[in-house]
$ cat target.tsv   # TSV, C-alpha atoms
chain	number	residue	atom	x	y	z
A	1	MET	CA	210.86	104.76	77.21
A	2	THR	CA	212.66	103.05	74.34
A	3	GLU	CA	216.37	102.76	73.86
A	4	LYS	CA	216.17	105.47	71.21
A	5	SER	CA	214.10	108.02	73.19
A	6	LYS	CA	216.01	108.81	76.35
A	7	THR	CA	216.07	112.16	78.11
A	8	ALA	CA	218.92	114.05	79.78
A	9	TYR	CA	218.82	116.96	82.23
A	10	VAL	CA	221.73	119.37	81.81
A	11	PHE	CA	222.69	122.12	84.26
A	12	PRO	CA	224.66	125.27	83.39
A	13	GLY	CA	227.64	126.61	85.30
A	14	GLN	CA	229.22	129.94	86.13
A	15	GLY	CA	228.45	132.55	83.49
A	16	SER	CA	224.75	131.64	83.19
A	17	GLN	CA	223.77	133.96	86.05
A	18	ALA	CA	221.85	137.25	85.86
A	19	VAL	CA	220.33	139.55	88.46
A	20	GLY	CA	216.67	138.61	88.83
A	21	MET	CA	217.14	134.91	88.15
A	22	GLY	CA	214.56	132.76	89.88
A	23	LEU	CA	212.37	135.62	91.08
A	24	ASP	CA	209.49	134.63	88.80
A	25	ILE	CA	209.38	131.04	90.07
A	26	TYR	CA	209.97	132.12	93.69
A	27	SER	CA	206.79	134.17	93.57
A	28	ARG	CA	204.73	131.54	91.71
A	29	PHE	CA	205.80	128.15	93.08
A	30	PRO	CA	206.04	127.21	96.78
A	31	SER	CA	208.39	124.36	95.79
A	32	ALA	CA	210.85	126.87	94.31
A	33	ARG	CA	210.48	129.20	97.29
A	34	ALA	CA	211.37	126.31	99.60
A	35	VAL	CA	214.64	125.77	97.70
A	36	PHE	CA	215.72	129.39	98.04
A	37	ASP	CA	214.68	129.44	101.71
A	38	GLU	CA	216.66	126.26	102.43
A	39	ALA	CA	219.75	127.65	100.68
A	40	ASP	CA	219.50	130.90	102.66
A	41	LYS	CA	219.35	128.94	105.90
A	42	ALA	CA	222.24	126.63	104.96
A	43	LEU	CA	224.51	129.50	103.96
A	44	GLY	CA	223.58	131.85	106.80
A	45	PHE	CA	222.79	134.77	104.50
A	46	SER	CA	220.26	135.58	101.79
A	47	ILE	CA	221.55	134.12	98.55
A	48	SER	CA	217.98	134.55	97.27
A	49	LYS	CA	218.14	138.34	97.71
A	50	LEU	CA	221.44	138.36	95.84
A	51	CYS	CA	219.86	136.36	92.99
A	52	PHE	CA	216.79	138.57	92.81
A	53	GLU	CA	218.24	142.04	93.48
A	54	GLY	CA	222.00	141.88	93.02
A	55	PRO	CA	224.02	144.03	92.82
A	56	GLU	CA	225.55	142.36	89.79
A	57	GLU	CA	229.17	142.82	90.92
A	58	GLU	CA	228.36	141.02	94.18
A	59	LEU	CA	226.39	138.24	92.48
A	60	THR	CA	229.21	137.55	90.02
A	61	ARG	CA	231.87	137.12	92.71
A	62	THR	CA	233.05	133.51	92.44
A	63	ILE	CA	232.21	132.76	96.08
A	64	ASN	CA	228.61	133.93	95.57
A	65	VAL	CA	227.79	132.97	92.01
A	66	GLN	CA	228.45	129.26	92.53
A	67	PRO	CA	225.80	128.70	95.25
A	68	ALA	CA	223.49	131.15	93.45
A	69	VAL	CA	223.53	129.25	90.15
A	70	LEU	CA	223.09	125.92	91.93
A	71	THR	CA	220.15	127.18	94.00
A	72	ALA	CA	218.40	128.64	90.96
A	73	GLY	CA	218.85	125.39	89.03
A	74	ILE	CA	217.23	123.23	91.71
A	75	ALA	CA	214.47	125.81	92.18
A	76	TYR	CA	213.65	125.64	88.46
A	77	LEU	CA	213.67	121.85	88.59
A	78	ASN	CA	211.26	121.77	91.53
A	79	ALA	CA	209.03	124.43	89.98
A	80	ALA	CA	208.67	122.38	86.79
A	81	ARG	CA	207.92	119.20	88.71
A	82	SER	CA	205.26	120.85	90.85
A	83	ALA	CA	203.71	122.84	87.99
A	84	ASP	CA	202.85	119.74	85.99
A	85	PRO	CA	204.05	116.18	86.73
A	86	GLY	CA	204.09	115.50	82.98
A	87	LEU	CA	206.15	118.56	82.09
A	88	LEU	CA	209.53	116.85	82.45
A	89	PRO	CA	210.07	113.23	81.39
A	90	PRO	CA	212.26	111.35	83.89
A	91	PRO	CA	215.94	111.54	82.95
A	92	SER	CA	218.15	108.67	81.87
A	93	PHE	CA	221.24	110.83	82.53
A	94	VAL	CA	222.12	114.09	84.27
A	95	ALA	CA	225.11	116.27	83.44
A	96	GLY	CA	226.36	119.69	84.38
A	97	HIS	CA	228.92	122.05	82.91
A	98	SER	CA	231.67	122.59	85.51
A	99	LEU	CA	229.81	124.06	88.52
A	100	GLY	CA	226.60	122.69	86.98
A	101	GLN	CA	227.78	119.20	87.82
A	102	TYR	CA	227.04	119.93	91.49
A	103	THR	CA	223.47	120.90	90.57
A	104	ALA	CA	223.23	117.60	88.68
A	105	LEU	CA	224.38	115.75	91.81
A	106	VAL	CA	221.56	117.32	93.85
A	107	ALA	CA	219.05	116.43	91.11
A	108	ALA	CA	220.32	112.83	91.14
A	109	GLY	CA	220.08	112.55	94.93
A	110	VAL	CA	223.84	112.30	95.50
A	111	LEU	CA	224.05	115.46	97.62
A	112	ASP	CA	221.51	117.24	99.80
A	113	LEU	CA	220.84	120.84	98.79
A	114	ALA	CA	222.22	122.26	102.04
A	115	ASP	CA	225.49	120.33	101.72
A	116	ALA	CA	225.78	121.23	98.05
A	117	VAL	CA	225.39	125.00	98.45
A	118	ARG	CA	227.91	125.07	101.28
A	119	LEU	CA	230.31	122.91	99.27
A	120	VAL	CA	230.18	125.09	96.13
A	121	ARG	CA	230.56	128.26	98.18
A	122	GLU	CA	233.76	126.76	99.58
A	123	ARG	CA	234.73	125.70	96.05
A	124	GLY	CA	234.23	129.29	94.90
A	125	ARG	CA	236.33	130.62	97.78
A	126	LEU	CA	239.14	128.19	97.04
A	127	MET	CA	239.11	128.96	93.32
A	128	TYR	CA	239.16	132.70	93.96
A	129	GLU	CA	242.08	132.39	96.39
A	130	ALA	CA	244.02	130.23	93.93
A	131	GLY	CA	243.40	132.91	91.31
A	132	GLN	CA	244.69	135.61	93.62
A	133	ALA	CA	247.82	133.62	94.45
A	134	GLN	CA	248.56	132.89	90.77
A	135	PRO	CA	246.68	135.47	88.66
A	136	GLY	CA	245.20	134.06	85.49
A	137	SER	CA	242.15	134.11	83.29
A	138	MET	CA	240.36	132.32	80.46
A	139	ILE	CA	239.90	133.03	76.76
A	140	ALA	CA	237.21	131.58	74.50
A	141	VAL	CA	238.55	130.71	71.06
A	142	ILE	CA	235.88	130.72	68.35
A	143	GLY	CA	236.06	128.96	65.01
A	144	ALA	CA	239.60	127.59	65.24
A	145	ASP	CA	240.91	124.08	64.68
A	146	ASN	CA	241.43	122.16	67.93
A	147	ALA	CA	244.81	120.83	66.84
A	148	LEU	CA	245.99	124.37	66.12
A	149	ILE	CA	244.79	125.53	69.56
A	150	ASP	CA	246.73	122.65	71.17
A	151	GLU	CA	249.85	123.69	69.23
A	152	ILE	CA	249.57	127.30	70.40
A	153	CYS	CA	248.93	126.21	74.00
A	154	ALA	CA	252.18	124.22	73.91
A	155	LEU	CA	254.05	127.32	72.72
A	156	ALA	CA	252.38	129.76	75.12
A	157	GLY	CA	252.23	127.61	78.26
A	158	THR	CA	248.44	127.65	78.45
A	159	GLN	CA	245.92	124.79	78.75
A	160	VAL	CA	242.69	123.91	76.99
A	161	SER	CA	240.13	124.17	79.80
A	162	ASN	CA	236.80	123.63	78.03
A	163	ILE	CA	235.87	121.92	74.78
A	164	ASN	CA	232.31	123.14	74.55
A	165	SER	CA	231.19	122.45	70.98
A	166	PRO	CA	232.60	122.36	67.46
A	167	GLY	CA	234.30	125.73	67.05
A	168	GLN	CA	234.20	126.77	70.71
A	169	VAL	CA	237.16	126.00	72.94
A	170	VAL	CA	238.30	127.81	76.09
A	171	VAL	CA	241.93	128.24	77.09
A	172	SER	CA	243.23	129.00	80.62
A	173	GLY	CA	246.57	130.24	81.87
A	174	SER	CA	248.55	132.88	83.70
A	175	LEU	CA	248.14	136.45	82.44
A	176	PRO	CA	251.57	136.49	80.70
A	177	ALA	CA	250.87	133.07	79.13
A	178	LEU	CA	247.52	134.28	77.82
A	179	ASP	CA	249.17	137.38	76.34
A	180	GLU	CA	251.56	135.05	74.53
A	181	PHE	CA	248.62	132.87	73.42
A	182	LYS	CA	246.89	135.92	71.94
A	183	LYS	CA	250.06	136.93	70.07
A	184	GLN	CA	250.61	133.40	68.72
A	185	ALA	CA	246.93	133.09	67.78
A	186	ALA	CA	247.05	136.34	65.82
A	187	ASP	CA	250.22	135.20	64.03
A	188	LYS	CA	248.47	131.96	63.03
A	189	GLY	CA	245.33	133.70	61.74
A	190	ILE	CA	242.94	133.14	64.66
A	191	ARG	CA	240.81	136.27	64.91
A	192	ARG	CA	237.94	135.53	67.34
A	193	LEU	CA	239.12	135.54	70.94
A	194	ILE	CA	236.87	136.49	73.88
A	195	VAL	CA	238.41	137.18	77.29
A	196	LEU	CA	236.04	135.76	79.93
A	197	LYS	CA	235.10	137.64	83.11
A	198	VAL	CA	236.46	135.17	85.66
A	199	SER	CA	238.72	135.48	88.69
A	200	GLY	CA	241.27	132.84	87.70
A	201	ALA	CA	242.57	130.24	85.28
A	202	PHE	CA	239.83	127.71	86.02
A	203	HIS	CA	240.25	124.06	84.97
A	204	SER	CA	244.01	124.38	84.73
A	205	ARG	CA	247.06	123.44	86.79
A	206	LEU	CA	246.96	126.91	88.40
A	207	MET	CA	243.95	125.64	90.37
A	208	GLU	CA	245.92	122.88	92.11
A	209	PRO	CA	245.77	124.66	95.53
A	210	ALA	CA	241.99	124.79	95.18
A	211	ALA	CA	241.87	121.06	94.40
A	212	GLU	CA	243.69	120.29	97.65
A	213	GLY	CA	241.24	122.35	99.69
A	214	LEU	CA	238.24	120.95	97.86
A	215	LYS	CA	239.34	117.39	98.63
A	216	LYS	CA	239.07	118.17	102.34
A	217	ALA	CA	235.65	119.85	101.94
A	218	ILE	CA	234.29	116.92	99.91
A	219	SER	CA	235.45	114.44	102.55
A	220	GLN	CA	233.10	116.13	105.04
A	221	CYS	CA	229.98	115.67	102.87
A	222	ASN	CA	227.74	112.62	102.59
A	223	PHE	CA	227.68	111.34	99.00
A	224	LYS	CA	224.91	108.84	98.21
A	225	PRO	CA	224.66	106.54	95.16
A	226	PRO	CA	223.03	108.45	92.27
A	227	ALA	CA	219.42	107.68	91.38
A	228	VAL	CA	220.34	108.65	87.80
A	229	PRO	CA	223.73	108.11	86.10
A	230	ILE	CA	226.01	111.17	86.06
A	231	ILE	CA	228.19	112.11	83.09
A	232	SER	CA	231.77	113.02	83.95
A	233	ASN	CA	233.17	116.40	82.90
A	234	VAL	CA	236.72	115.04	82.81
A	235	THR	CA	236.28	111.78	80.87
A	236	ALA	CA	232.69	112.12	79.55
A	237	ASP	CA	232.10	108.61	80.94
A	238	ILE	CA	229.13	107.46	83.04
A	239	LEU	CA	229.56	107.70	86.83
A	240	ASN	CA	227.50	105.62	89.26
A	241	ASP	CA	229.77	105.21	92.28
A	242	PRO	CA	230.04	107.89	95.03
A	243	GLN	CA	233.82	107.42	95.31
A	244	GLU	CA	234.20	107.91	91.54
A	245	ILE	CA	232.08	111.05	91.77
A	246	LYS	CA	234.23	112.50	94.58
A	247	LYS	CA	237.38	111.90	92.54
A	248	GLU	CA	235.72	113.49	89.52
A	249	LEU	CA	234.92	116.70	91.39
A	250	ILE	CA	238.51	117.05	92.57
A	251	ASP	CA	239.99	116.25	89.14
A	252	GLN	CA	237.55	118.63	87.46
A	253	ILE	CA	239.16	121.66	89.15
A	254	THR	CA	242.43	121.23	87.22
A	255	HIS	CA	241.28	119.34	84.10
A	256	CYS	CA	239.51	120.25	80.87
A	257	VAL	CA	235.69	120.16	80.83
A	258	GLN	CA	234.85	117.78	77.98
A	259	TRP	CA	231.36	119.12	77.32
A	260	GLN	CA	231.19	118.23	73.63
A	261	ARG	CA	232.22	114.63	74.34
A	262	SER	CA	229.75	114.47	77.26
A	263	VAL	CA	226.84	115.42	75.01
A	264	GLU	CA	228.01	113.07	72.27
A	265	ASN	CA	228.27	110.22	74.78
A	266	MET	CA	224.71	110.79	75.99
A	267	ILE	CA	223.47	110.82	72.39
A	268	ASN	CA	225.40	107.61	71.69
A	269	ASN	CA	223.62	106.10	74.69
A	270	GLY	CA	220.19	106.88	73.23
A	271	VAL	CA	219.43	110.43	74.41
A	272	THR	CA	217.28	112.32	71.92
A	273	ALA	CA	215.92	115.07	74.20
A	274	PHE	CA	217.87	117.49	76.40
A	275	TYR	CA	216.36	119.79	79.03
A	276	GLU	CA	218.49	122.71	80.20
A	277	ILE	CA	217.58	123.40	83.82
A	278	GLY	CA	218.63	126.76	85.23
A	279	HIS	CA	218.83	130.37	84.18
A	280	GLY	CA	219.88	131.25	80.64
A	281	GLN	CA	220.32	129.08	77.57
A	282	VAL	CA	224.08	128.66	77.31
A	283	LEU	CA	224.01	124.86	77.11
A	284	SER	CA	221.05	124.78	74.73
A	285	GLY	CA	223.09	126.73	72.18
A	286	LEU	CA	226.10	124.46	72.60
A	287	ILE	CA	224.05	121.27	72.25
A	288	LYS	CA	222.43	122.54	69.04
A	289	ARG	CA	225.90	123.13	67.61
A	290	ILE	CA	227.02	119.63	68.65
A	291	ASN	CA	224.00	117.87	67.12
A	292	THR	CA	221.21	119.48	65.12
A	293	GLU	CA	218.87	116.49	65.29
A	294	VAL	CA	218.25	116.21	69.05
A	295	GLN	CA	215.44	118.04	70.81
A	296	VAL	CA	216.59	120.82	73.16
A	297	SER	CA	214.19	122.50	75.60
A	298	HIS	CA	214.73	125.14	78.24
A	299	ILE	CA	213.10	124.84	81.64
A	300	ALA	CA	212.26	128.55	81.96
A	301	ASP	CA	210.15	128.37	78.80
A	302	LEU	CA	208.26	125.37	80.16
A	303	VAL	CA	207.42	126.89	83.55
A	304	LYS	CA	206.33	130.17	81.95
A	305	VAL	CA	203.38	128.44	80.31
A	306	ALA	CA	202.64	126.17	83.28
A	307	ASN	CA	199.91	127.09	85.77
$ encode --input "target.tsv" --output "structure tokens"
Amino acid sequence: MTEKSKTAYVFPGQGSQAVGMGLDIYSRFPSARAVFDEADKALGFSISKLCFEGPEEELTRTINVQPAVLTAGIAYLNAARSADPGLLPPPSFVAGHSLGQYTALVAAGVLDLADAVRLVRERGRLMYEAGQAQPGSMIAVIGADNALIDEICALAGTQVSNINSPGQVVVSGSLPALDEFKKQAADKGIRRLIVLKVSGAFHSRLMEPAAEGLKKAISQCNFKPPAVPIISNVTADILNDPQEIKKELIDQITHCVQWQRSVENMINNGVTAFYEIGHGQVLSGLIKRINTEVQVSHIADLVKVAN
């Protein structure tokens, strides 16, 4: 592989889920079935049944959706690898969007699957409880200037929580602060705002109680050196050290997800092909908006034609 033809695996986060995800590969690939079975055993209940059958309101609960999305992502990865060894080129980098970073850590050999699903279930519980203690939410802002969004956040008391692509930024805050953000945005001519279906103001200072609890949970897991470099959500820099990765996961809870910068950094380091591994195509769309010249493939499309 030349310096100019590197590959990256990218893993989606919360919001990519849907009832039925993974059922096709569970029935076709023993390697995918083994992932769901291991996750069920580690969690002590059937996360696979929740993925395959729902109900949707139960699947989308923060405490459930985080292990569900992670499990499906690793199942898709294993299905592709077992379907055809040449289907996926080996990655030069792995990255995940928020929750997806934990899936990337399993793919890179940093965390075992069992530890990872238990850890993200605890992460989901902590985030939900923080959201109950200090009610908040998130709003996607479409087509606005980033500097203008920063200005309105300063006025409203909100925070930029995701910079996903050119023209797509997410803002988090308390419910009153978000109401003020909406008012200020309307006054300044911003028209496209989408309120996200989440249980709290994720990636903001309102998640500080969750960060404290997550620090304790992370300390109880065995983090190994990554077989593939990880891209940080917080700084978009390359992570290779387990202690750096632990700090990243704690910081990530209260800091902005720098997805656009993460993708740009991988491209600057020679990545020309991205593979989105998991259900849905959220990241594929974002990457195409960040750079129109790179190749973007989705794992579900690849395994459909395999075998």
$ closest_residue --input "target.tsv" --among "A:Gly278, A:Gly213, A:Pro225, A:Gly200" --to "Glu122 (chain A)" --atoms "all atoms listed in the file"
A:Gly213
$ residues_near_point --input "target.tsv" --point "(221.0, 106.0, 68.7)" --cutoff "12 Å" --atoms "only C-alpha atoms" --output "short mmCIF file (atom, residue, chain, number, x, y, z; two decimals) with C-alpha atoms, in the frame of the given file"
data_model
loop_
_atom_site.label_atom_id
_atom_site.label_comp_id
_atom_site.auth_asym_id
_atom_site.auth_seq_id
_atom_site.Cartn_x
_atom_site.Cartn_y
_atom_site.Cartn_z
CA THR A 2 212.66 103.05 74.34
CA GLU A 3 216.37 102.76 73.86
CA LYS A 4 216.17 105.47 71.21
CA SER A 5 214.10 108.02 73.19
CA LYS A 6 216.01 108.81 76.35
CA GLU A 264 228.01 113.07 72.27
CA ASN A 265 228.27 110.22 74.78
CA MET A 266 224.71 110.79 75.99
CA ILE A 267 223.47 110.82 72.39
CA ASN A 268 225.40 107.61 71.69
CA ASN A 269 223.62 106.10 74.69
CA GLY A 270 220.19 106.88 73.23
CA VAL A 271 219.43 110.43 74.41
CA THR A 272 217.28 112.32 71.92
CA ALA A 273 215.92 115.07 74.20
CA GLU A 293 218.87 116.49 65.29
CA VAL A 294 218.25 116.21 69.05
#
$ closest_residue --input "target.tsv" --among "A:Asn78, A:Ser16, A:Gln184, A:Gln134" --to "Ser31 (chain A)" --atoms "all atoms listed in the file"
A:Asn78
$ closest_residue --input "target.tsv" --among "A:Pro91, A:Gly189, A:Pro176, A:Pro229" --to "Ile149 (chain A)" --atoms "only C-alpha atoms"
A:Gly189
$ atom_distance --input "target.tsv" --atom1 "CA of Gly100 (chain A)" --atom2 "CA of Leu70 (chain A)"
6.9 Å
$ residues_around --input "target.tsv" --residues "Gly86 (chain A)" --least-positions-apart "3" --cutoff "12 Å" --atoms "all atoms listed in the file" --output "list in words"
Ala80, Arg81, Ser82, Ala83, Pro89, Pro90, Leu302, Val303 and Ala306 of chain A
$ residues_around --input "target.tsv" --residues "Arg125 (chain A)" --least-positions-apart "4" --cutoff "9 Å" --atoms "all atoms listed in the file" --output "list in words"
Thr62, Ile63, Asn64, Val120, Arg121, Glu129, Ala130 and Ala210 of chain A
$ closest_residue --input "target.tsv" --among "A:His203, A:Ile47, A:Lys288, A:Leu77" --to "Ala32 (chain A)" --atoms "all atoms listed in the file"
A:Leu77
$ closest_residue --input "target.tsv" --among "A:Thr254, A:Ser27, A:Thr235, A:Thr71" --to "Asp115 (chain A)" --atoms "all atoms listed in the file"
A:Thr71
$ atom_distance --input "target.tsv" --atom1 "CA of Arg289 (chain A)" --atom2 "CA of Gly167 (chain A)"
8.8 Å
$ residues_around --input "target.tsv" --residues "Gln168 (chain A)" --least-positions-apart "3" --cutoff "8 Å" --atoms "all atoms listed in the file" --output "PyMOL selection string"
chain A and resi 140-144+163-165
$ closest_residue --input "target.tsv" --among "A:Ile25, A:Val94, A:Val257, A:Met207" --to "Gly124 (chain A)" --atoms "only C-alpha atoms"
A:Met207
$ residues_around --input "target.tsv" --residues "Ala18 (chain A)" --least-positions-apart "6" --cutoff "12 Å" --atoms "all atoms listed in the file" --output "count of residues only"
19
$ atom_distance --input "target.tsv" --atom1 "CA of Glu180 (chain A)" --atom2 "CA of Ile253 (chain A)"
23.4 Å
$ residues_around --input "target.tsv" --residues "Ile250 (chain A)" --least-positions-apart "6" --cutoff "10 Å" --atoms "only C-alpha atoms" --output "count of residues only"
9
